[in-house]
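Raw contents of coords19.tsv, TSV, C-alpha atoms and all ligand atoms:
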```tsv
chain	number	residue	atom	x	y	z
A	1	MET	CA	30.32	-12.11	1.08
A	2	ILE	CA	27.16	-11.72	-0.92
A	3	TRP	CA	24.85	-11.35	2.08
A	4	ASN	CA	26.93	-8.39	3.30
A	5	GLU	CA	26.43	-6.79	-0.11
A	6	LEU	CA	22.69	-7.30	0.37
A	7	LEU	CA	22.76	-5.71	3.82
A	8	ASN	CA	24.79	-2.77	2.51
A	9	LEU	CA	22.36	-2.20	-0.32
A	10	ILE	CA	19.41	-2.34	2.10
A	11	ASN	CA	21.21	0.16	4.35
A	12	ASP	CA	21.63	2.57	1.47
A	13	HIS	CA	17.91	2.82	0.66
A	14	SER	CA	14.78	3.74	2.58
A	15	SER	CA	12.07	2.81	0.08
A	16	PHE	CA	11.62	-0.64	-1.44
A	17	VAL	CA	9.34	-2.32	-3.95
A	18	ILE	CA	9.02	-6.11	-3.87
A	19	SER	CA	7.82	-8.09	-6.86
A	20	SER	CA	7.80	-11.61	-8.28
A	21	HIS	CA	6.80	-13.64	-11.32
A	22	LEU	CA	3.43	-13.74	-13.09
A	23	SER	CA	0.97	-16.45	-11.93
A	24	LEU	CA	1.87	-16.17	-8.26
A	25	ASP	CA	2.51	-19.44	-6.46
A	26	GLY	CA	3.10	-20.32	-2.82
A	27	ASP	CA	6.82	-19.60	-2.99
A	28	SER	CA	6.42	-16.19	-4.62
A	29	VAL	CA	3.67	-15.13	-2.20
A	30	GLY	CA	5.34	-16.51	0.95
A	31	SER	CA	8.78	-15.14	0.07
A	32	GLN	CA	7.42	-11.68	-0.68
A	33	LEU	CA	5.48	-11.52	2.60
A	34	ALA	CA	8.50	-12.68	4.61
A	35	PHE	CA	10.92	-10.28	2.94
A	36	SER	CA	8.44	-7.43	3.27
A	37	TRP	CA	8.22	-8.13	7.01
A	38	TYR	CA	12.02	-8.13	7.23
A	39	LEU	CA	12.44	-4.77	5.47
A	40	GLN	CA	9.66	-3.22	7.54
A	41	SER	CA	11.31	-4.51	10.72
A	42	LEU	CA	14.35	-2.47	9.65
A	43	GLY	CA	12.16	0.64	9.40
A	44	LYS	CA	11.96	0.62	5.59
A	45	GLN	CA	9.03	1.69	3.43
A	46	VAL	CA	7.77	-1.30	1.45
A	47	HIS	CA	5.34	-1.60	-1.43
A	48	ILE	CA	4.59	-5.07	-2.83
A	49	TYR	CA	3.56	-4.93	-6.47
A	50	ASN	CA	2.50	-7.93	-8.56
A	51	VAL	CA	0.73	-7.84	-11.89
A	52	ASP	CA	-1.28	-10.98	-11.02
A	53	PRO	CA	-3.49	-11.37	-7.93
A	54	VAL	CA	-2.76	-13.62	-4.94
A	55	PRO	CA	-4.49	-16.98	-5.57
A	56	ALA	CA	-7.42	-17.43	-3.16
A	57	LYS	CA	-5.80	-20.38	-1.39
A	58	PHE	CA	-2.92	-18.18	-0.20
A	59	ALA	CA	-5.16	-15.33	0.98
A	60	PHE	CA	-5.13	-16.81	4.52
A	61	LEU	CA	-1.47	-15.82	4.89
A	62	GLN	CA	-1.22	-12.80	7.16
A	63	ASN	CA	-0.78	-9.50	5.28
A	64	SER	CA	-1.43	-11.12	1.87
A	65	SER	CA	-3.67	-8.10	1.15
A	66	GLN	CA	-0.47	-6.00	1.13
A	67	ILE	CA	0.32	-7.62	-2.22
A	68	LYS	CA	-1.23	-5.14	-4.63
A	69	ALA	CA	-1.60	-4.60	-8.35
A	70	ILE	CA	-0.72	-0.91	-7.98
A	71	PRO	CA	2.43	0.01	-9.92
A	72	PRO	CA	5.05	1.76	-7.79
A	73	GLN	CA	5.90	5.46	-8.04
A	74	GLY	CA	8.83	7.57	-6.93
A	75	GLU	CA	12.31	6.31	-6.15
A	76	TYR	CA	12.91	2.88	-4.76
A	77	ALA	CA	15.16	-0.14	-4.71
A	78	LEU	CA	13.53	-3.19	-6.28
A	79	VAL	CA	13.58	-6.63	-4.66
A	80	VAL	CA	12.73	-9.37	-7.14
A	81	LEU	CA	11.99	-12.75	-5.55
A	82	ASP	CA	11.61	-16.20	-7.13
A	83	CYS	CA	11.82	-14.77	-10.63
A	84	SER	CA	14.43	-15.85	-13.18
A	85	ASN	CA	14.37	-12.67	-15.30
A	86	PRO	CA	12.67	-9.25	-15.16
A	87	GLY	CA	10.39	-10.08	-18.10
A	88	ARG	CA	8.71	-12.75	-15.97
A	89	MET	CA	7.37	-10.03	-13.68
A	90	GLY	CA	5.12	-8.95	-16.55
A	91	TRP	CA	5.41	-5.24	-15.74
A	92	THR	CA	4.11	-3.16	-18.61
A	93	SER	CA	5.10	0.30	-17.39
A	94	SER	CA	8.74	1.27	-17.71
A	95	TYR	CA	10.62	1.32	-14.42
A	96	THR	CA	13.98	2.59	-13.28
A	97	PRO	CA	14.74	1.36	-9.78
A	98	ARG	CA	17.78	2.80	-8.03
A	99	ALA	CA	19.05	-0.73	-7.47
A	100	ILE	CA	17.87	-4.31	-7.89
A	101	ILE	CA	18.12	-7.17	-5.40
A	102	ASN	CA	17.57	-10.55	-7.04
A	103	ILE	CA	16.92	-13.55	-4.77
A	104	ASP	CA	15.99	-16.77	-6.55
A	105	HIS	CA	16.56	-20.49	-6.97
A	106	HIS	CA	15.79	-20.97	-10.69
A	107	ARG	CA	18.70	-22.37	-12.71
A	108	ASP	CA	17.97	-20.09	-15.66
A	109	ASN	CA	18.19	-16.91	-13.53
A	110	THR	CA	19.91	-14.23	-15.61
A	111	ARG	CA	21.64	-12.49	-12.66
A	112	PHE	CA	19.95	-9.21	-13.53
A	113	GLY	CA	20.39	-7.57	-10.10
A	114	ASN	CA	23.02	-5.37	-8.49
A	115	VAL	CA	23.04	-8.05	-5.81
A	116	ASN	CA	22.26	-11.57	-7.00
A	117	ILE	CA	21.58	-14.27	-4.45
A	118	VAL	CA	20.84	-17.20	-6.71
A	119	GLU	CA	21.02	-20.58	-4.98
A	120	THR	CA	19.99	-23.17	-7.51
A	121	SER	CA	20.29	-26.01	-5.00
A	122	ALA	CA	17.60	-24.43	-2.81
A	123	ALA	CA	14.16	-26.05	-3.01
A	124	ALA	CA	12.43	-22.68	-2.81
A	125	THR	CA	13.21	-18.99	-2.58
A	126	GLY	CA	11.51	-19.34	0.80
A	127	GLU	CA	14.30	-21.71	1.81
A	128	ILE	CA	16.97	-19.11	0.97
A	129	ILE	CA	15.15	-16.48	3.02
A	130	SER	CA	14.42	-18.86	5.96
A	131	SER	CA	18.07	-19.91	6.11
A	132	PHE	CA	19.15	-16.26	6.09
A	133	PHE	CA	16.79	-15.40	8.97
A	134	LEU	CA	17.83	-18.41	11.05
A	135	ARG	CA	21.55	-18.04	10.37
A	136	SER	CA	21.39	-14.32	11.21
A	137	LYS	CA	19.39	-15.06	14.39
A	138	ILE	CA	16.62	-12.75	13.19
A	139	GLU	CA	13.59	-13.20	15.47
A	140	PHE	CA	10.58	-13.46	13.20
A	141	PRO	CA	6.92	-13.91	14.22
A	142	ALA	CA	4.70	-16.95	13.63
A	143	ASP	CA	2.90	-15.46	10.64
A	144	VAL	CA	6.23	-14.97	8.85
A	145	ALA	CA	7.25	-18.55	9.69
A	146	GLU	CA	3.93	-19.66	8.22
A	147	ALA	CA	4.51	-17.70	4.99
A	148	LEU	CA	7.96	-19.28	4.60
A	149	TYR	CA	6.59	-22.75	5.40
A	150	ALA	CA	3.88	-22.30	2.73
A	151	ALA	CA	6.62	-21.27	0.26
A	152	ILE	CA	8.63	-24.43	0.91
A	153	LEU	CA	5.62	-26.74	1.19
A	154	THR	CA	4.34	-25.75	-2.25
A	155	ASP	CA	7.68	-25.72	-4.09
A	156	THR	CA	8.40	-29.26	-2.83
A	157	GLY	CA	4.93	-30.40	-3.95
A	158	GLY	CA	3.97	-31.01	-0.33
A	159	PHE	CA	7.36	-32.59	0.50
A	160	ARG	CA	7.03	-35.05	-2.38
A	161	PHE	CA	9.44	-33.78	-5.06
A	162	SER	CA	13.07	-34.85	-5.31
A	163	ASN	CA	14.09	-31.50	-3.83
A	164	THR	CA	12.74	-32.72	-0.46
A	165	ASN	CA	15.68	-33.63	1.78
A	166	SER	CA	16.80	-33.62	5.40
A	167	ARG	CA	17.97	-30.01	5.17
A	168	ILE	CA	14.51	-28.85	4.06
A	169	LEU	CA	12.71	-30.94	6.68
A	170	ARG	CA	14.95	-29.59	9.48
A	171	LEU	CA	14.32	-26.06	8.25
A	172	CYS	CA	10.57	-26.68	8.28
A	173	ALA	CA	10.87	-28.11	11.81
A	174	ASP	CA	12.39	-24.77	12.81
A	175	LEU	CA	9.49	-22.96	11.12
A	176	ALA	CA	7.05	-25.20	13.03
A	177	ASP	CA	8.89	-24.37	16.27
A	178	ARG	CA	8.31	-20.72	15.50
A	179	GLY	CA	4.56	-21.18	15.43
A	180	THR	CA	3.59	-22.46	11.98
A	181	ASP	CA	0.25	-24.28	12.08
A	182	CYS	CA	1.19	-27.00	9.55
A	183	ALA	CA	-2.29	-28.54	9.34
A	184	LYS	CA	-3.86	-25.13	8.75
A	185	VAL	CA	-1.44	-24.39	5.90
A	186	TYR	CA	-2.10	-27.82	4.37
A	187	GLU	CA	-5.87	-27.40	4.55
A	188	ASN	CA	-5.79	-23.96	2.93
A	189	VAL	CA	-3.34	-24.89	0.19
A	190	TYR	CA	-4.52	-28.39	-0.74
A	191	CYS	CA	-8.06	-28.85	0.61
A	192	SER	CA	-9.88	-25.69	-0.36
A	193	HIS	CA	-10.86	-26.26	-3.99
A	194	SER	CA	-14.08	-24.65	-5.16
A	195	ARG	CA	-16.71	-26.92	-6.70
A	196	ARG	CA	-16.14	-25.13	-10.00
A	197	ALA	CA	-12.44	-26.00	-9.79
A	198	LEU	CA	-13.19	-29.65	-9.05
A	199	MET	CA	-15.60	-29.83	-12.01
A	200	LEU	CA	-12.84	-28.43	-14.22
A	201	GLN	CA	-10.35	-30.90	-12.80
A	202	SER	CA	-12.68	-33.83	-13.44
A	203	ARG	CA	-12.81	-32.77	-17.10
A	204	ILE	CA	-9.02	-32.54	-17.23
A	205	TRP	CA	-8.67	-36.03	-15.68
A	206	SER	CA	-10.92	-37.41	-18.42
A	207	THR	CA	-8.31	-36.47	-21.05
A	208	LEU	CA	-5.54	-38.60	-19.49
A	209	SER	CA	-3.48	-40.48	-22.07
A	210	PHE	CA	-0.18	-42.38	-22.08
A	211	HIS	CA	2.67	-42.18	-24.58
A	212	LEU	CA	6.20	-43.49	-25.25
A	213	ASP	CA	5.68	-46.97	-23.74
A	214	GLY	CA	3.79	-45.56	-20.77
A	215	LYS	CA	6.73	-43.42	-19.65
A	216	VAL	CA	4.86	-40.20	-20.44
A	217	SER	CA	1.37	-39.22	-19.32
A	218	ILE	CA	-0.53	-36.24	-20.66
A	219	MET	CA	-3.54	-34.35	-19.41
A	220	GLU	CA	-5.14	-31.64	-21.53
A	221	MET	CA	-6.98	-28.42	-20.92
A	222	PRO	CA	-8.20	-26.64	-24.05
A	223	LEU	CA	-8.72	-23.07	-22.85
A	224	SER	CA	-12.20	-23.11	-24.39
A	225	ILE	CA	-13.53	-25.31	-21.55
A	226	LEU	CA	-12.97	-22.49	-19.06
A	227	ASP	CA	-15.81	-20.46	-20.59
A	228	GLU	CA	-17.93	-23.56	-20.95
A	229	LEU	CA	-17.65	-24.32	-17.20
A	230	GLY	CA	-17.37	-20.73	-15.98
A	231	ALA	CA	-14.04	-21.72	-14.45
A	232	HIS	CA	-10.84	-19.73	-14.05
A	233	TYR	CA	-7.41	-20.59	-15.40
A	234	SER	CA	-6.13	-20.75	-11.82
A	235	ASP	CA	-8.71	-23.46	-11.00
A	236	SER	CA	-6.47	-25.92	-12.86
A	237	GLU	CA	-3.44	-25.12	-10.68
A	238	GLY	CA	-1.86	-28.19	-9.16
A	239	MET	CA	-3.13	-30.52	-11.89
A	240	ALA	CA	0.34	-30.66	-13.41
A	241	ASP	CA	1.58	-32.38	-10.25
A	242	THR	CA	-0.96	-35.17	-10.66
A	243	THR	CA	0.36	-36.09	-14.11
A	244	ILE	CA	3.26	-38.07	-12.61
A	245	THR	CA	1.17	-40.06	-10.17
A	246	ALA	CA	0.82	-43.06	-12.54
A	247	GLU	CA	3.00	-46.15	-12.10
A	248	GLY	CA	5.83	-46.31	-14.63
A	249	VAL	CA	5.49	-42.70	-15.76
A	250	GLU	CA	8.77	-40.73	-15.85
A	251	VAL	CA	7.49	-37.47	-17.35
A	252	GLY	CA	4.06	-35.95	-16.77
A	253	ILE	CA	2.68	-33.27	-19.05
A	254	MET	CA	-0.14	-30.84	-18.39
A	255	ALA	CA	-1.02	-29.24	-21.73
A	256	LYS	CA	-3.04	-26.02	-21.85
A	257	TYR	CA	-3.77	-24.73	-25.31
A	258	SER	CA	-5.63	-22.26	-27.48
A	259	ASP	CA	-6.06	-22.61	-31.25
A	260	THR	CA	-2.64	-21.04	-31.87
A	261	GLU	CA	-0.49	-21.72	-28.81
A	262	SER	CA	0.28	-24.69	-26.54
A	263	HIS	CA	1.72	-24.42	-23.04
A	264	PHE	CA	3.28	-27.52	-21.48
A	265	SER	CA	3.91	-27.91	-17.75
A	266	LEU	CA	6.38	-30.75	-17.30
A	267	ARG	CA	6.88	-32.84	-14.18
A	268	SER	CA	9.39	-35.57	-13.38
A	269	LYS	CA	9.65	-38.17	-10.66
A	270	GLY	CA	13.38	-37.42	-10.50
A	271	ARG	CA	15.14	-39.59	-13.09
A	272	VAL	CA	14.51	-37.29	-16.06
A	273	ASP	CA	15.54	-33.61	-15.94
A	274	VAL	CA	12.47	-31.82	-17.32
A	275	GLY	CA	14.20	-28.42	-16.96
A	276	LYS	CA	16.59	-29.55	-19.70
A	277	ILE	CA	13.67	-30.63	-21.87
A	278	ALA	CA	11.85	-27.30	-21.43
A	279	GLN	CA	15.02	-25.36	-22.25
A	280	LYS	CA	15.07	-26.94	-25.72
A	281	VAL	CA	12.03	-24.80	-26.53
A	282	PRO	CA	12.76	-21.04	-26.85
A	283	GLY	CA	11.63	-19.27	-23.68
A	284	GLY	CA	11.18	-22.54	-21.76
A	285	GLY	CA	12.89	-23.45	-18.51
A	286	GLY	CA	12.52	-24.43	-14.88
A	287	HIS	CA	13.76	-26.95	-12.36
A	288	SER	CA	14.79	-30.58	-12.88
A	289	SER	CA	11.49	-31.86	-11.45
A	290	ALA	CA	9.12	-29.07	-12.57
A	291	ALA	CA	9.44	-26.94	-15.69
A	292	GLY	CA	7.42	-25.41	-18.49
A	293	CYS	CA	7.50	-24.16	-22.05
A	294	THR	CA	5.20	-22.66	-24.66
A	295	ILE	CA	5.14	-23.68	-28.32
A	296	LYS	CA	3.44	-21.23	-30.66
A	297	GLN	CA	1.59	-23.96	-32.53
A	298	PRO	CA	-1.78	-25.67	-32.20
A	299	PHE	CA	-1.73	-28.67	-29.85
A	300	SER	CA	-1.89	-31.21	-32.70
A	301	LEU	CA	1.48	-29.94	-33.99
A	302	ALA	CA	3.08	-28.96	-30.69
A	303	LEU	CA	2.48	-32.34	-29.03
A	304	PRO	CA	4.62	-34.42	-31.45
A	305	HIS	CA	7.32	-31.73	-31.12
A	306	ILE	CA	7.53	-31.95	-27.32
A	307	LEU	CA	7.25	-35.75	-27.38
A	308	SER	CA	10.21	-36.01	-29.76
A	309	ILE	CA	12.32	-33.90	-27.36
A	310	ILE	CA	11.28	-36.08	-24.42
A	311	GLU	CA	11.97	-39.29	-26.35
A	312	LYS	CA	15.60	-38.24	-26.86
A	313	GLU	CA	15.93	-37.39	-23.15
A	314	LEU	CA	14.46	-40.76	-22.10
A	315	SER	CA	16.81	-42.86	-24.21
B	1	MN	MN	10.14	-21.02	-6.32
```

Step by step, read the file and then write its structure as C-alpha cells.
Amino acid sequence: MIWNELLNLINDHSSFVISSHLSLDGDSVGSQLAFSWYLQSLGKQVHIYNVDPVPAKFAFLQNSSQIKAIPPQGEYALVVLDCSNPGRMGWTSSYTPRAIINIDHHRDNTRFGNVNIVETSAAATGEIISSFFLRSKIEFPADVAEALYAAILTDTGGFRFSNTNSRILRLCADLADRGTDCAKVYENVYCSHSRRALMLQSRIWSTLSFHLDGKVSIMEMPLSILDELGAHYSDSEGMADTTITAEGVEVGIMAKYSDTESHFSLRSKGRVDVGKIAQKVPGGGGHSSAAGCTIKQPFSLALPHILSIIEKELS
C-alpha cells in the first residue's frame, strides 16, 4: 500500500525539505503548511523552500512565514506537493535529495518521486492530505484544518468548479468541525484586494471580448500595463476564473502577454476539457476545468492558434 511506503520513507529520514510549484496558490501554500506540521509532529526537521513568495492573501495562514526563499543545504528527503514535475518548482541550484516524496493531483504528473501519491480525481492536493489525516485518525490543530480548507476552497474556485462534490463538502465539514473559521478564510482569500489590484482588474475587464459564436470569452493583460499602473503580476490572480462567468460561454481565456510570448489561462464550466486543449501546446497542461499554456509568439499570432485548437474541441 502506497501510504505505507510513504510512512516507511518518512521513518527512514530525519530532515525534510518541502517545496511546490512556482506562483504559489492556495493549494500549494495550504498543503505545504499542513504537511510541514505533520512532519514536525513526528519530530522531524523541516525546511519549506519555495522560489516564489507566499501571496499576501495567504499570509494570514498560521506559520506561512515558515515558507522561505532560502535554498536548502545538507542532506534531506524532499517532499514535493501539488507540482506535476520538478521543473515546475523553478529551482535554479542543483539538488540531490536522498529521496523524493511526490504528492499531487495533476493529471500530467510525471511520477518523479520514490513514492508517488498522485490522485488525479482529487480536487486539491489539500484533499489528499486531509483524507490521509482523517483516515489515519491524526489529531491536527485548527490552524492546520484552516490551511487545508484554504487549499480546497481555492482549488475548487470557492466550491464552484465541477470538482466540487459531496465528498469534498463532507471533508470540508470535517475541517470546519476541527476549528476552521470559514468566513475568515473567505474574507482573506476573496475580499482583500488592494486598490492597485482592483484598478488593474478594471483595466482587464475592459478588454473582454467574445469569440466562436459566444462560446469563448477572452480577457487580456499586456504585461506593459503593470508598469503603467504600478501593479504586480499577482494582482491579476483570480481574473481567469471570471472569464467563464458569461452566459453561454464554454471556455474562458485569460491572456497575459509580452511582445514575444503569450500565456493563456483556460477555464471551463465543465463540458469542455481545457486540460486537453492546453496539452496540445508544448509544455501546457492542467485540469479539465482549469489549465494553462504558453505560446512563444506575440498575442496577435498566438490567439488564432489557441482559438483553432479550442474550435476543434468544441465541435
Ligand atoms: Mn492543486

Excluding segment 269-280 of chain A and residues on its chain fewer than 4 positions from it, collect all residues at most 10 Å away from it, counting all atoms listed in the file, and give them as a PDB file with C-alpha atoms, keeping the file's coordinate frame.
```
ATOM      1  CA  HIS A 106      15.790 -20.970 -10.690  1.00  0.00           C
ATOM      2  CA  ARG A 107      18.700 -22.370 -12.710  1.00  0.00           C
ATOM      3  CA  ASP A 108      17.970 -20.090 -15.660  1.00  0.00           C
ATOM      4  CA  ARG A 160       7.030 -35.050  -2.380  1.00  0.00           C
ATOM      5  CA  PHE A 161       9.440 -33.780  -5.060  1.00  0.00           C
ATOM      6  CA  SER A 162      13.070 -34.850  -5.310  1.00  0.00           C
ATOM      7  CA  ASN A 163      14.090 -31.500  -3.830  1.00  0.00           C
ATOM      8  CA  ASP A 241       1.580 -32.380 -10.250  1.00  0.00           C
ATOM      9  CA  ILE A 244       3.260 -38.070 -12.610  1.00  0.00           C
ATOM     10  CA  THR A 245       1.170 -40.060 -10.170  1.00  0.00           C
ATOM     11  CA  GLY A 248       5.830 -46.310 -14.630  1.00  0.00           C
ATOM     12  CA  VAL A 249       5.490 -42.700 -15.760  1.00  0.00           C
ATOM     13  CA  GLU A 250       8.770 -40.730 -15.850  1.00  0.00           C
ATOM     14  CA  VAL A 251       7.490 -37.470 -17.350  1.00  0.00           C
ATOM     15  CA  GLY A 252       4.060 -35.950 -16.770  1.00  0.00           C
ATOM     16  CA  PHE A 264       3.280 -27.520 -21.480  1.00  0.00           C
ATOM     17  CA  SER A 265       3.910 -27.910 -17.750  1.00  0.00           C
ATOM     18  CA  GLY A 284      11.180 -22.540 -21.760  1.00  0.00           C
ATOM     19  CA  GLY A 285      12.890 -23.450 -18.510  1.00  0.00           C
ATOM     20  CA  GLY A 286      12.520 -24.430 -14.880  1.00  0.00           C
ATOM     21  CA  HIS A 287      13.760 -26.950 -12.360  1.00  0.00           C
ATOM     22  CA  SER A 288      14.790 -30.580 -12.880  1.00  0.00           C
ATOM     23  CA  SER A 289      11.490 -31.860 -11.450  1.00  0.00           C
ATOM     24  CA  ALA A 290       9.120 -29.070 -12.570  1.00  0.00           C
ATOM     25  CA  ALA A 291       9.440 -26.940 -15.690  1.00  0.00           C
ATOM     26  CA  GLY A 292       7.420 -25.410 -18.490  1.00  0.00           C
ATOM     27  CA  CYS A 293       7.500 -24.160 -22.050  1.00  0.00           C
ATOM     28  CA  THR A 294       5.200 -22.660 -24.660  1.00  0.00           C
ATOM     29  CA  ILE A 306       7.530 -31.950 -27.320  1.00  0.00           C
ATOM     30  CA  LEU A 307       7.250 -35.750 -27.380  1.00  0.00           C
ATOM     31  CA  ILE A 309      12.320 -33.900 -27.360  1.00  0.00           C
ATOM     32  CA  ILE A 310      11.280 -36.080 -24.420  1.00  0.00           C
ATOM     33  CA  GLU A 311      11.970 -39.290 -26.350  1.00  0.00           C
ATOM     34  CA  LYS A 312      15.600 -38.240 -26.860  1.00  0.00           C
ATOM     35  CA  GLU A 313      15.930 -37.390 -23.150  1.00  0.00           C
ATOM     36  CA  LEU A 314      14.460 -40.760 -22.100  1.00  0.00           C
TER      37      LEU A 314
END
```

### Message
Ranking A:Ala123, A:Ser20, A:Gly74, A:Ala34 by minimum distance to Trp91 of chain A and counting only C-alpha atoms, which one comes first?
### Response
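Selected residue with least distance to Trp91 of chain A: A:Ser20.
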
### Task
Compare A:Cys182, A:Val17, A:Ile129, A:Ala122 by their minimum atom-to-atom distance to Gln73 of chain A, counting only C-alpha atoms, and give me the closest one.
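Smallest separation from Gln73 of chain A among the options: A:Val17.
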
### Message
From the options A:Ala124, A:Ile70, A:Val54, A:Ala99, which residue's atoms come nearest to ligand MN 1 (chain B), counting all atoms listed in the file?
### Response
A:Ala124

### Query
Which residues, written as a PyMOL selection string, have at least one atom at most 12 Å from Val185 of chain A, with only C-alpha atoms counted and residues fewer than 6 positions away on the same chain left out?
chain A and resi 26+30+57-62+143+145-154+158+176+179+191-192

### Task
Would you mind listing the residues within 7 Å of ligand MN 1 (chain B), counting all atoms listed in the file, as a ChimeraX atom specification?
/A:27-28,82,105,124-125,155

### Task
Figure out the distance between atom CA of Ser194 of chain A and atom CA of Ile225 of chain A, please, to one decimal in Å.
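These two atoms are separated by 16.4 Å.
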
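In this structure, atom CA of Asp25 of chain A sits 24.2 Å away from atom CA of Gln45 of chain A.
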
Could segment 39-55 of chain A be completed with N, CA and C atoms and written as a JSON list (two decimals), in the frame of the given file, please?
```json
[["chain", "number", "residue", "atom", "x", "y", "z"],
["A", 39, "LEU", "N", 12.09, -6.16, 5.79],
["A", 39, "LEU", "CA", 12.44, -4.77, 5.47],
["A", 39, "LEU", "C", 11.70, -3.80, 6.38],
["A", 40, "GLN", "N", 10.43, -4.10, 6.65],
["A", 40, "GLN", "CA", 9.66, -3.22, 7.54],
["A", 40, "GLN", "C", 10.23, -3.25, 8.96],
["A", 41, "SER", "N", 10.72, -4.42, 9.38],
["A", 41, "SER", "CA", 11.31, -4.51, 10.72],
["A", 41, "SER", "C", 12.57, -3.66, 10.82],
["A", 42, "LEU", "N", 13.17, -3.34, 9.67],
["A", 42, "LEU", "CA", 14.35, -2.47, 9.65],
["A", 42, "LEU", "C", 13.95, -0.99, 9.47],
["A", 43, "GLY", "N", 12.64, -0.74, 9.50],
["A", 43, "GLY", "CA", 12.16, 0.64, 9.40],
["A", 43, "GLY", "C", 12.04, 1.14, 7.96],
["A", 44, "LYS", "N", 12.03, 0.21, 7.00],
["A", 44, "LYS", "CA", 11.96, 0.62, 5.59],
["A", 44, "LYS", "C", 10.51, 0.75, 5.14],
["A", 45, "GLN", "N", 10.32, 1.60, 4.12],
["A", 45, "GLN", "CA", 9.03, 1.69, 3.43],
["A", 45, "GLN", "C", 8.98, 0.57, 2.40],
["A", 46, "VAL", "N", 7.86, -0.18, 2.38],
["A", 46, "VAL", "CA", 7.77, -1.30, 1.45],
["A", 46, "VAL", "C", 6.45, -1.27, 0.70],
["A", 47, "HIS", "N", 6.54, -1.46, -0.60],
["A", 47, "HIS", "CA", 5.34, -1.60, -1.43],
["A", 47, "HIS", "C", 5.50, -2.91, -2.19],
["A", 48, "ILE", "N", 4.51, -3.80, -2.09],
["A", 48, "ILE", "CA", 4.59, -5.07, -2.83],
["A", 48, "ILE", "C", 3.71, -4.93, -4.07],
["A", 49, "TYR", "N", 4.31, -5.09, -5.22],
["A", 49, "TYR", "CA", 3.56, -4.93, -6.47],
["A", 49, "TYR", "C", 3.68, -6.20, -7.32],
["A", 50, "ASN", "N", 2.53, -6.80, -7.63],
["A", 50, "ASN", "CA", 2.50, -7.93, -8.56],
["A", 50, "ASN", "C", 1.42, -7.69, -9.59],
["A", 51, "VAL", "N", 1.70, -8.02, -10.82],
["A", 51, "VAL", "CA", 0.73, -7.84, -11.89],
["A", 51, "VAL", "C", -0.47, -8.77, -11.66],
["A", 52, "ASP", "N", -0.20, -10.01, -11.25],
["A", 52, "ASP", "CA", -1.28, -10.98, -11.02],
["A", 52, "ASP", "C", -1.72, -10.98, -9.56],
["A", 53, "PRO", "N", -2.98, -11.37, -9.31],
["A", 53, "PRO", "CA", -3.49, -11.37, -7.93],
["A", 53, "PRO", "C", -2.98, -12.58, -7.13],
["A", 54, "VAL", "N", -3.10, -12.49, -5.82],
["A", 54, "VAL", "CA", -2.76, -13.62, -4.94],
["A", 54, "VAL", "C", -3.85, -14.69, -5.12],
["A", 55, "PRO", "N", -3.48, -15.92, -5.47],
["A", 55, "PRO", "CA", -4.49, -16.98, -5.57],
["A", 55, "PRO", "C", -5.25, -17.13, -4.24]]
```
